[in-house]
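A.B. asks: data-v7.txt is reproduced below (compact mmCIF, C-alpha atoms and all ligand atoms).
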```
# COMPACT_ATOMS: atom_id res chain seq x y z
CA MET F 1 11.69 2.01 16.39
CA ALA F 2 12.28 -0.94 18.66
CA LYS F 3 13.29 -4.22 17.12
CA LEU F 4 10.01 -6.05 17.53
CA GLU F 5 9.86 -9.40 19.30
CA SER F 6 9.52 -12.10 16.72
CA THR F 7 7.05 -14.98 16.86
CA ILE F 8 9.67 -17.27 15.31
CA ASP F 9 13.09 -18.38 16.51
CA VAL F 10 15.18 -16.98 13.68
CA GLN F 11 18.48 -18.33 14.97
CA GLU F 12 17.03 -21.86 15.02
CA ILE F 13 15.48 -21.39 11.57
CA ARG F 14 18.79 -20.23 10.09
CA LYS F 15 20.28 -23.63 10.89
CA ASP F 16 17.89 -25.11 8.31
CA PHE F 17 19.61 -23.09 5.54
CA PRO F 18 23.20 -24.31 5.08
CA ILE F 19 24.14 -21.47 2.72
CA LEU F 20 23.46 -18.81 5.36
CA SER F 21 26.44 -19.82 7.49
CA GLN F 22 28.85 -19.01 4.66
CA LYS F 23 31.45 -16.27 4.70
CA VAL F 24 31.75 -13.95 1.71
CA HIS F 25 35.00 -11.95 1.42
CA GLY F 26 35.69 -13.09 4.98
CA LYS F 27 32.43 -11.59 6.30
CA ASN F 28 29.24 -13.31 7.41
CA LEU F 29 26.93 -13.58 4.42
CA ILE F 30 23.96 -11.23 4.67
CA TYR F 31 21.48 -12.31 2.05
CA PHE F 32 19.06 -9.52 1.17
CA ASP F 33 18.30 -10.63 -2.40
CA ASN F 34 15.28 -12.78 -1.59
CA ALA F 35 13.04 -11.19 -4.20
CA ALA F 36 15.42 -12.49 -6.87
CA THR F 37 15.54 -15.96 -5.39
CA THR F 38 15.18 -17.38 -1.90
CA GLN F 39 17.61 -19.77 -0.21
CA LYS F 40 16.71 -23.44 0.18
CA PRO F 41 16.27 -25.35 3.43
CA GLN F 42 18.09 -28.64 3.98
CA SER F 43 14.83 -30.58 3.49
CA VAL F 44 14.47 -29.26 -0.08
CA ILE F 45 18.11 -29.96 -0.88
CA GLU F 46 17.69 -33.49 0.45
CA ALA F 47 14.47 -34.04 -1.48
CA ILE F 48 16.33 -33.33 -4.72
CA SER F 49 19.22 -35.63 -3.91
CA ASN F 50 16.94 -38.37 -2.54
CA TYR F 51 14.95 -38.34 -5.72
CA TYR F 52 18.07 -39.00 -7.79
CA LYS F 53 19.41 -41.52 -5.28
CA THR F 54 16.26 -43.59 -4.91
CA GLU F 55 13.61 -43.12 -7.58
CA ASN F 56 14.91 -41.47 -10.73
CA ALA F 57 12.87 -42.66 -13.73
CA ASN F 58 10.80 -41.11 -16.48
CA ILE F 59 7.20 -40.59 -15.48
CA HIS F 60 3.72 -41.54 -16.74
CA ARG F 61 4.68 -44.12 -19.36
CA GLY F 62 6.72 -46.60 -17.34
CA ILE F 63 5.28 -49.75 -15.77
CA HIS F 64 8.30 -50.55 -13.60
CA SER F 65 8.45 -49.68 -9.90
CA LEU F 66 10.78 -46.70 -10.14
CA ALA F 67 8.63 -45.10 -12.84
CA GLU F 68 5.54 -45.67 -10.72
CA LYS F 69 7.15 -44.13 -7.66
CA ALA F 70 8.43 -41.09 -9.60
CA THR F 71 5.01 -40.62 -11.24
CA HIS F 72 3.29 -40.91 -7.88
CA ASP F 73 5.53 -38.28 -6.26
CA TYR F 74 5.28 -35.94 -9.24
CA GLU F 75 1.49 -36.12 -9.10
CA GLU F 76 1.53 -35.71 -5.31
CA THR F 77 3.23 -32.34 -5.81
CA ARG F 78 0.44 -31.38 -8.20
CA LYS F 79 -1.99 -32.08 -5.36
CA SER F 80 0.08 -29.91 -3.01
CA VAL F 81 0.07 -27.06 -5.51
CA LYS F 82 -3.71 -27.44 -5.74
CA ALA F 83 -3.88 -27.11 -1.94
CA PHE F 84 -1.31 -24.27 -1.87
CA LEU F 85 -3.42 -22.20 -4.27
CA ASN F 86 -6.75 -23.62 -3.11
CA ALA F 87 -7.63 -24.61 -6.66
CA LYS F 88 -10.78 -26.64 -7.25
CA HIS F 89 -9.23 -29.38 -9.41
CA ALA F 90 -5.72 -30.88 -9.66
CA GLU F 91 -5.94 -30.77 -13.47
CA GLU F 92 -6.08 -26.97 -13.25
CA ILE F 93 -2.41 -27.06 -12.21
CA ILE F 94 0.11 -27.08 -15.05
CA PHE F 95 3.79 -27.40 -14.24
CA THR F 96 6.01 -24.86 -15.98
CA ARG F 97 9.59 -23.70 -15.53
CA GLY F 98 8.25 -20.75 -13.57
CA VAL F 99 6.24 -17.57 -13.97
CA THR F 100 7.89 -16.55 -17.23
CA GLU F 101 6.98 -19.80 -18.95
CA ALA F 102 3.47 -19.71 -17.45
CA ILE F 103 2.81 -16.24 -18.89
CA ASN F 104 4.25 -17.27 -22.25
CA LEU F 105 1.95 -20.30 -22.21
CA VAL F 106 -1.12 -18.14 -21.65
CA ALA F 107 0.00 -15.49 -24.17
CA ASN F 108 0.57 -18.13 -26.84
CA SER F 109 -2.31 -20.47 -26.16
CA TYR F 110 -5.09 -18.19 -24.87
CA GLY F 111 -3.81 -15.50 -27.24
CA ARG F 112 -4.05 -17.77 -30.27
CA ALA F 113 -7.58 -18.81 -29.35
CA PHE F 114 -9.09 -15.53 -28.16
CA VAL F 115 -7.09 -12.45 -29.22
CA ASN F 116 -7.72 -10.92 -32.64
CA GLU F 117 -7.09 -7.73 -34.58
CA GLY F 118 -8.19 -4.62 -32.68
CA ASP F 119 -8.44 -6.43 -29.33
CA GLU F 120 -6.65 -5.11 -26.26
CA ILE F 121 -4.57 -6.57 -23.41
CA VAL F 122 -4.27 -4.56 -20.19
CA ILE F 123 -1.18 -4.66 -17.97
CA SER F 124 0.22 -2.16 -15.44
CA THR F 125 3.22 0.16 -15.32
CA MET F 126 4.87 -1.93 -12.58
CA GLU F 127 5.07 -5.22 -14.51
CA HIS F 128 8.18 -7.38 -14.66
CA HIS F 129 9.44 -7.79 -18.24
CA SER F 130 8.03 -11.34 -18.07
CA ASN F 131 4.55 -9.83 -17.92
CA ILE F 132 5.21 -7.27 -20.66
CA VAL F 133 7.18 -8.88 -23.46
CA PRO F 134 4.96 -11.97 -24.06
CA TRP F 135 1.96 -9.64 -24.46
CA GLN F 136 3.87 -7.31 -26.76
CA MET F 137 4.81 -10.30 -28.91
CA LEU F 138 1.19 -11.45 -28.95
CA CYS F 139 -0.11 -7.97 -29.80
CA GLU F 140 2.35 -7.75 -32.67
CA GLN F 141 1.28 -11.15 -34.04
CA ARG F 142 -2.46 -10.48 -33.72
CA ASN F 143 -2.53 -6.75 -34.46
CA ALA F 144 -3.86 -6.14 -30.98
CA LYS F 145 -3.05 -3.27 -28.59
CA LEU F 146 -1.29 -3.25 -25.23
CA LYS F 147 -2.82 -0.82 -22.72
CA VAL F 148 -1.00 0.17 -19.56
CA ILE F 149 -2.54 1.15 -16.20
CA PRO F 150 -0.71 4.18 -14.77
CA ILE F 151 0.58 4.32 -11.19
CA ASN F 152 0.93 7.15 -8.66
CA ASP F 153 4.17 8.42 -7.08
CA LYS F 154 3.86 5.93 -4.22
CA GLY F 155 3.87 3.07 -6.70
CA GLU F 156 0.17 2.20 -6.52
CA ILE F 157 -2.17 1.48 -9.39
CA ILE F 158 -4.48 4.42 -10.12
CA PHE F 159 -7.75 2.55 -9.94
CA GLU F 160 -9.95 5.13 -11.71
CA GLU F 161 -7.53 5.03 -14.65
CA TYR F 162 -7.70 1.24 -14.68
CA LEU F 163 -11.50 1.36 -14.84
CA LYS F 164 -11.29 3.70 -17.83
CA LEU F 165 -9.28 1.09 -19.77
CA LEU F 166 -11.90 -1.64 -19.40
CA SER F 167 -14.15 -2.26 -22.40
CA PRO F 168 -15.43 -5.19 -24.46
CA LYS F 169 -12.29 -4.83 -26.62
CA VAL F 170 -10.12 -6.02 -23.71
CA LYS F 171 -9.46 -9.76 -23.95
CA LEU F 172 -7.28 -10.12 -20.85
CA VAL F 173 -6.02 -8.16 -17.85
CA SER F 174 -2.63 -9.41 -16.63
CA VAL F 175 -1.15 -7.76 -13.55
CA VAL F 176 1.41 -8.45 -10.91
CA HIS F 177 0.02 -9.42 -7.48
CA VAL F 178 3.08 -7.95 -5.70
CA SER F 179 5.68 -5.76 -7.42
CA ASN F 180 9.23 -7.12 -7.30
CA ALA F 181 10.77 -3.66 -7.65
CA LEU F 182 8.52 -1.70 -5.25
CA GLY F 183 6.95 -4.26 -2.95
CA THR F 184 3.45 -2.90 -3.67
CA ILE F 185 0.62 -5.33 -3.00
CA ASN F 186 -1.98 -4.65 -5.66
CA PRO F 187 -5.74 -4.68 -4.92
CA VAL F 188 -6.17 -7.74 -7.10
CA LYS F 189 -9.61 -8.73 -5.81
CA GLU F 190 -11.00 -5.34 -6.88
CA ILE F 191 -9.08 -5.50 -10.17
CA ILE F 192 -10.64 -8.89 -10.93
CA GLU F 193 -14.16 -7.83 -9.93
CA ALA F 194 -14.00 -4.79 -12.20
CA ALA F 195 -12.70 -6.86 -15.15
CA HIS F 196 -15.37 -9.51 -14.64
CA LYS F 197 -18.09 -6.88 -15.10
CA PHE F 198 -16.96 -6.92 -18.76
CA ASN F 199 -16.40 -10.71 -18.74
CA ILE F 200 -12.66 -10.09 -19.07
CA PRO F 201 -10.43 -12.89 -17.69
CA VAL F 202 -7.60 -11.90 -15.34
CA MET F 203 -4.12 -13.34 -15.01
CA LEU F 204 -2.06 -12.68 -11.89
CA ASP F 205 1.72 -12.84 -11.75
CA GLY F 206 2.25 -14.30 -8.28
CA ALA F 207 6.06 -14.50 -8.40
CA GLN F 208 6.47 -12.30 -5.33
CA ALA F 209 3.11 -12.73 -3.61
CA SER F 210 3.21 -16.50 -3.15
CA SER F 211 5.96 -16.42 -0.50
CA HIS F 212 4.38 -13.66 1.60
CA PHE F 213 0.74 -14.57 2.08
CA ASP F 214 -1.83 -17.29 1.41
CA ILE F 215 -3.12 -17.48 -2.13
CA ASP F 216 -6.70 -18.58 -2.71
CA VAL F 217 -7.50 -18.64 -6.41
CA GLN F 218 -11.14 -19.55 -5.77
CA ALA F 219 -11.67 -16.59 -3.43
CA LEU F 220 -9.80 -14.29 -5.85
CA ASP F 221 -11.77 -15.78 -8.74
CA CYS F 222 -8.86 -15.11 -11.13
CA GLU F 223 -8.70 -17.06 -14.38
CA PHE F 224 -4.91 -17.61 -14.27
CA TYR F 225 -2.29 -17.50 -11.51
CA ALA F 226 1.44 -18.21 -11.82
CA PHE F 227 4.27 -18.73 -9.33
CA SER F 228 7.90 -19.89 -9.33
CA ALA F 229 9.16 -22.38 -6.74
CA HIS F 230 12.58 -20.73 -6.42
CA LYS F 231 11.01 -17.65 -4.84
CA LEU F 232 9.31 -19.88 -2.29
CA TYR F 233 12.32 -21.68 -0.82
CA GLY F 234 12.00 -24.37 -3.50
CA PRO F 235 14.18 -25.34 -6.47
CA THR F 236 14.83 -23.32 -9.62
CA GLY F 237 13.36 -24.44 -12.93
CA ILE F 238 9.92 -25.35 -11.63
CA GLY F 239 6.73 -23.42 -11.08
CA ALA F 240 3.10 -23.67 -11.95
CA LEU F 241 0.28 -22.10 -13.85
CA TYR F 242 -3.20 -22.32 -12.40
CA GLY F 243 -6.00 -21.89 -14.92
CA LYS F 244 -9.76 -22.28 -14.61
CA LYS F 245 -10.64 -25.64 -16.13
CA GLU F 246 -13.36 -24.34 -18.44
CA LEU F 247 -10.89 -21.89 -19.98
CA LEU F 248 -7.92 -24.30 -20.19
CA ASP F 249 -10.20 -26.80 -21.92
CA LYS F 250 -10.85 -24.27 -24.68
CA MET F 251 -7.17 -23.40 -25.15
CA PRO F 252 -4.92 -25.13 -27.72
CA PRO F 253 -1.65 -26.79 -26.63
CA TYR F 254 1.31 -24.46 -26.28
CA GLN F 255 4.08 -26.90 -27.24
CA GLY F 256 3.93 -30.17 -29.18
CA GLY F 257 5.79 -33.35 -28.30
CA GLY F 258 5.58 -36.29 -25.94
CA GLU F 259 2.98 -36.57 -23.17
CA MET F 260 0.65 -33.90 -24.56
CA ILE F 261 -0.83 -36.30 -27.15
CA LYS F 262 -3.54 -38.93 -27.11
CA ASP F 263 -2.88 -40.31 -30.61
CA VAL F 264 -0.47 -39.35 -33.35
CA SER F 265 -0.56 -40.22 -37.02
CA PHE F 266 1.03 -38.32 -39.89
CA GLU F 267 -2.45 -37.15 -40.84
CA LYS F 268 -3.68 -35.94 -37.45
CA THR F 269 -2.82 -35.72 -33.77
CA THR F 270 -5.36 -35.69 -30.98
CA TYR F 271 -4.39 -34.07 -27.73
CA ASN F 272 -4.22 -35.41 -24.22
CA GLU F 273 -6.54 -34.19 -21.49
CA LEU F 274 -5.72 -31.58 -18.86
CA PRO F 275 -3.19 -30.95 -17.47
CA TYR F 276 -1.00 -33.11 -19.74
CA LYS F 277 -2.15 -31.25 -22.86
CA PHE F 278 0.13 -28.42 -21.65
CA GLU F 279 3.07 -30.49 -20.40
CA ALA F 280 4.98 -31.55 -23.51
CA GLY F 281 8.21 -33.51 -23.08
CA THR F 282 9.95 -34.96 -20.04
CA PRO F 283 9.34 -32.47 -17.24
CA ASN F 284 11.60 -31.32 -14.43
CA ILE F 285 10.70 -34.28 -12.23
CA ALA F 286 13.27 -33.98 -9.43
CA ASP F 287 12.55 -30.32 -8.76
CA THR F 288 8.81 -30.88 -8.95
CA VAL F 289 9.10 -33.60 -6.32
CA ALA F 290 11.24 -31.29 -4.16
CA LEU F 291 8.70 -28.46 -4.43
CA LYS F 292 6.48 -30.49 -2.11
CA ALA F 293 9.24 -30.36 0.50
CA ALA F 294 9.28 -26.55 0.17
CA PHE F 295 5.53 -26.39 0.82
CA GLU F 296 5.96 -28.63 3.85
CA TYR F 297 8.72 -26.40 5.17
CA ILE F 298 6.62 -23.25 4.72
CA GLU F 299 3.71 -24.95 6.42
CA LYS F 300 5.92 -25.90 9.36
CA ILE F 301 7.05 -22.30 9.95
CA GLY F 302 3.66 -20.81 9.05
CA LYS F 303 3.21 -18.06 6.47
CA THR F 304 1.63 -15.73 9.02
CA ASN F 305 4.70 -16.04 11.28
CA MET F 306 7.00 -15.54 8.31
CA ALA F 307 5.11 -12.45 7.16
CA ALA F 308 4.97 -10.93 10.65
CA HIS F 309 8.75 -11.17 11.00
CA GLU F 310 9.34 -9.86 7.47
CA ASP F 311 7.00 -6.90 8.06
CA ALA F 312 8.86 -6.02 11.26
CA LEU F 313 12.18 -6.20 9.36
CA LEU F 314 10.80 -3.92 6.65
CA LYS F 315 9.56 -1.33 9.15
CA TYR F 316 12.88 -1.32 10.98
CA ALA F 317 14.95 -1.20 7.77
CA THR F 318 12.84 1.61 6.30
CA GLU F 319 13.27 3.72 9.41
CA GLN F 320 17.00 3.11 9.47
CA LEU F 321 17.44 3.71 5.73
CA LEU F 322 15.85 7.13 6.07
CA THR F 323 18.70 8.17 8.40
CA ILE F 324 20.97 8.14 5.35
CA ASP F 325 21.40 11.57 3.85
CA GLY F 326 19.90 11.89 0.36
CA LEU F 327 18.23 8.47 0.39
CA ARG F 328 14.82 8.17 -1.26
CA ILE F 329 12.64 5.08 -1.02
CA ILE F 330 11.10 4.09 -4.36
CA GLY F 331 7.82 2.37 -3.60
CA THR F 332 5.97 3.72 -0.58
CA ALA F 333 2.61 2.04 -1.13
CA GLU F 334 0.21 1.66 1.77
CA HIS F 335 0.28 -2.12 1.36
CA LYS F 336 3.77 -3.53 0.85
CA VAL F 337 5.79 -6.70 1.32
CA SER F 338 9.34 -6.75 2.71
CA ILE F 339 11.08 -5.04 -0.21
CA ALA F 340 13.01 -1.80 0.30
CA SER F 341 14.06 -0.19 -2.99
CA PHE F 342 15.95 3.07 -2.84
CA VAL F 343 18.17 5.59 -4.59
CA ILE F 344 20.81 7.77 -2.93
CA GLU F 345 21.64 11.18 -4.33
CA GLY F 346 25.13 11.31 -5.81
CA VAL F 347 25.70 7.55 -5.47
CA HIS F 348 25.45 5.09 -8.34
CA HIS F 349 23.70 1.86 -7.32
CA GLN F 350 26.25 -0.31 -9.13
CA ASP F 351 29.16 1.20 -7.15
CA LEU F 352 27.16 0.73 -3.98
CA ALA F 353 26.52 -2.94 -4.71
CA ILE F 354 30.21 -3.62 -5.26
CA ILE F 355 31.12 -2.07 -1.91
CA LEU F 356 28.31 -3.91 -0.11
CA ASP F 357 29.44 -7.20 -1.63
CA ARG F 358 32.90 -6.64 -0.12
CA GLU F 359 31.08 -6.51 3.23
CA GLY F 360 29.37 -9.85 2.51
CA ILE F 361 26.01 -8.17 1.80
CA ALA F 362 23.99 -9.38 -1.19
CA VAL F 363 21.49 -6.86 -2.54
CA ARG F 364 20.15 -6.40 -6.05
CA THR F 365 20.78 -3.26 -8.06
CA GLY F 366 19.60 -2.08 -11.46
CA HIS F 367 16.22 -2.04 -13.17
CA HIS F 368 14.96 -5.34 -11.66
CA CYS F 369 13.53 -6.34 -15.08
CA THR F 370 11.09 -3.43 -14.79
CA GLN F 371 12.60 -0.84 -17.13
CA PRO F 372 9.29 0.93 -17.93
CA LEU F 373 8.68 1.26 -14.18
CA MET F 374 12.13 2.79 -13.66
CA SER F 375 11.34 5.27 -16.48
CA ARG F 376 8.09 6.16 -14.69
CA PHE F 377 10.17 7.22 -11.68
CA GLY F 378 12.76 8.93 -13.91
CA ILE F 379 15.59 6.68 -12.72
CA LEU F 380 17.79 4.00 -14.28
CA GLY F 381 17.64 1.66 -11.34
CA THR F 382 17.54 1.24 -7.58
CA THR F 383 19.27 -0.69 -4.85
CA ARG F 384 16.85 -3.28 -3.54
CA ALA F 385 17.06 -5.05 -0.20
CA SER F 386 14.44 -7.78 0.07
CA PHE F 387 13.99 -9.60 3.36
CA ALA F 388 12.97 -13.15 4.19
CA PHE F 389 11.93 -14.67 7.50
CA TYR F 390 15.48 -15.96 8.07
CA ASN F 391 16.93 -12.43 8.07
CA THR F 392 17.64 -10.63 11.33
CA PHE F 393 17.54 -7.12 12.77
CA GLU F 394 21.26 -7.42 13.45
CA GLU F 395 21.88 -8.00 9.74
CA ILE F 396 19.99 -4.78 9.02
CA ASP F 397 22.23 -2.94 11.50
CA VAL F 398 25.33 -4.21 9.68
CA PHE F 399 23.76 -3.24 6.34
CA ILE F 400 22.96 0.30 7.47
CA LYS F 401 26.44 0.77 8.87
CA ALA F 402 27.93 -0.47 5.60
CA LEU F 403 25.67 1.90 3.66
CA HIS F 404 26.81 4.90 5.72
CA LYS F 405 30.41 3.90 5.09
CA ALA F 406 29.84 3.34 1.35
CA VAL F 407 28.06 6.67 0.91
CA GLY F 408 30.97 8.38 2.66
CA MET F 409 33.39 6.75 0.22
CA LEU F 410 31.36 7.37 -2.94
CA ARG F 411 30.26 10.97 -2.45
N1 LIG F 501 7.33 -11.57 -12.21
C1 LIG F 501 7.87 -11.04 -11.12
C2 LIG F 501 7.11 -10.02 -10.35
C3 LIG F 501 9.14 -11.44 -10.71
O1 LIG F 501 9.68 -10.91 -9.61
C4 LIG F 501 9.84 -12.41 -11.47
C5 LIG F 501 11.21 -12.79 -11.11
O2 LIG F 501 12.00 -12.00 -10.64
C6 LIG F 501 9.20 -12.95 -12.59
C7 LIG F 501 7.95 -12.51 -12.93
C8 LIG F 501 9.86 -14.00 -13.41
O3 LIG F 501 9.96 -15.17 -12.67
P1 LIG F 501 10.83 -16.40 -13.19
O4 LIG F 501 12.16 -15.83 -13.58
O5 LIG F 501 10.90 -17.31 -12.03
O6 LIG F 501 10.10 -16.97 -14.36
```
Output the file's structure in the form of structure tokens.
Ligand code: PLP
C.D. replies:
Amino acid sequence: MAKLESTIDVQEIRKDFPILSQKVHGKNLIYFDNAATTQKPQSVIEAISNYYKTENANIHRGIHSLAEKATHDYEETRKSVKAFLNAKHAEEIIFTRGVTEAINLVANSYGRAFVNEGDEIVISTMEHHSNIVPWQMLCEQRNAKLKVIPINDKGEIIFEEYLKLLSPKVKLVSVVHVSNALGTINPVKEIIEAAHKFNIPVMLDGAQASSHFDIDVQALDCEFYAFSAHKLYGPTGIGALYGKKELLDKMPPYQGGGEMIKDVSFEKTTYNELPYKFEAGTPNIADTVALKAAFEYIEKIGKTNMAAHEDALLKYATEQLLTIDGLRIIGTAEHKVSIASFVIEGVHHQDLAIILDREGIAVRTGHHCTQPLMSRFGILGTTRASFAFYNTFEEIDVFIKALHKAVGMLR
């Protein structure tokens, strides 16, 4: 396949990411671990340092100028998250450390309010451990059952099997929008519509989806949506949970402490309103403020342009990978993002990763926090190359050459 013309100037874009010009083991860094975390543009790095240089203060309670400025910027990011997800109200956006904390919040709070003995929670085979373990913990506490939607050999949800799991006993469906290990884009609109026929709320894990295409929680009509900023060219340690207001209003606080209260006495505490009810303690202010810079950067490049380049990289990489003897792609869904996961006969992924690292190539190997999914495919792990809009076709050529060499050495 020809290396498709890109709608973006990748060489220009790469200058925005200081880390990409690094050498690793004397070789140009080739960063293909974007599904684990993305690199940060200069504007995000500067937003973090500017915050500490010019406005650091604790938010919400202070009257002084710095506190007002920090509070203003923190709340401005909430408005940008609202716009990013197309939520109806800013108070439907709760800042969390990321997707993991968002799911734990829902499992603990929604779970405590709505899940009882004999109830069921539905997830899928391709979930990240972050969307398995909190539900297992909840099911154990409440004597509820975890039900799992099976997938086919391409790594797609088997929809008829999903429909069979739906019943009035199900109190929540929680599925990944895009699989981190396979790249599969799930038919979430249909999943939500089917669940809503039984009045079942749906939570979507948007860790991987949010960087690849526009998210519209109103059009999806999901009850909960979570993303992590670090997978979106933003800082680590910050993310958000979207929840429909009418549901969040009925849910008890997840953590107790400062900010989430209205009044405290030793006899009784009354809770703050949304979204503060769910934001106990001093939050991650600097990184929240910098998240806005990440949104602005994404907007400047344009998600459609980013996705078009990433799709072209995936097509090219897939074709080239299949030239390697004994290589099998794990995750061949019809609808995929730019994630190429594979196994190579007679080659252990860990050995492969070590050799690739010596060539300056960063890929992820192992179970990708999806051990049940690996078991479904009868493997212990894969090698995963995940591409971002700042990656190039030339990097893929170097990667493929290094793979051929590594396979030659390891077989
Ligand atoms: N869900 C998916 C699909 C992921 O890829 C990840 C991270 O790899 C997570 C959840 C957890 O995200 P975080 O570690 O940012 O909380």
A.B. asks: For the contact check between region 199-239 of chain F and region 93-101 of chain F, emit one row per residue of region 199-239 of chain F within 9 Å, containing the shortest atom pair and the distance in Å rounded to one decimal, counting all atoms listed in the file, chain then rising number order, as a tab-separated table.
C.D. replies:
```
residue	atom	partner	partner_atom	distance
F:Asp205	CA	F:Val99	CA	6.9
F:Gly206	CA	F:Val99	CA	7.7
F:Ala207	CA	F:Val99	CA	6.4
F:Tyr225	CA	F:Val99	CA	8.9
F:Ala226	CA	F:Val99	CA	5.3
F:Phe227	CA	F:Val99	CA	5.2
F:Ser228	CA	F:Gly98	CA	4.3
F:Ala229	CA	F:Gly98	CA	7.1
F:His230	CA	F:Gly98	CA	8.4
F:Thr236	CA	F:Arg97	CA	7.9
F:Gly237	CA	F:Arg97	CA	4.6
F:Ile238	CA	F:Arg97	CA	4.2
F:Gly239	CA	F:Gly98	CA	4.0
```
A.B. asks: Skipping near chain neighbours, those fewer than 2 positions away, what residues fall within 8 Å of region 120-133 of chain F using all atoms listed in the file, listed as a ChimeraX atom specification?
C.D. replies: /F:99-100,103,115,118,135-137,139,144-151,155,157,165,169-176,179-181,205,368-373,376
A.B. asks: Counting all atoms listed in the file, which of F:Ile200, F:Ala209, F:Ala195, F:Met251 gets nearest to ligand LIG 501 (chain F)?
C.D. replies: F:Ala209
A.B. asks: Edge lengths and centre in Å to one decimal, as AutoDock Vina command-line options, is what I'm after for the box along x, y and z that holds all listed atoms of region 135-153 of chain F once 5 Å is added on each side.
C.D. replies:
```
--center_x 0.5 --center_y -1.5 --center_z -20.8 --size_x 18.7 --size_y 29.9 --size_z 37.4
```
A.B. asks: Figure out the distance between atom N1 of ligand LIG 501 (chain F) and CA of Glu117 (chain F), please, to one decimal in Å.
C.D. replies: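 It comes out at 26.9 Å.
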A.B. asks: So that I can see what lies close to Lys231 (chain F), please list as a PyMOL selection string the residues with an atom at most 8 Å from it, counting only C-alpha atoms and leaving out residues fewer than 5 positions away in the same chain.
C.D. replies: chain F and resi 34-38+207-208+211
A.B. asks: Determine the nearest neighbour of ligand LIG 501 (chain F) from the options F:Ile354, F:Ala87, F:Ile339, F:Val347, counting all atoms listed in the file.
C.D. replies: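 With all atoms listed in the file as the atom set, the closest residue is F:Ile339.
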A.B. asks: Which residue is closest to Lys244 (chain F)? Choose from F:Asn56, F:Ser167, F:Gln218, F:Thr392 and count only C-alpha atoms.
C.D. replies: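 Nearest to Lys244 (chain F): F:Gln218.
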A.B. asks: Please, which residues are within 9 Å of (-5.2, -33.2, -10.6) by the file's coordinates, counting only C-alpha atoms, and could they come as a PyMOL selection string?
C.D. replies: chain F and resi 75-76+78-79+82+89-93+274-275
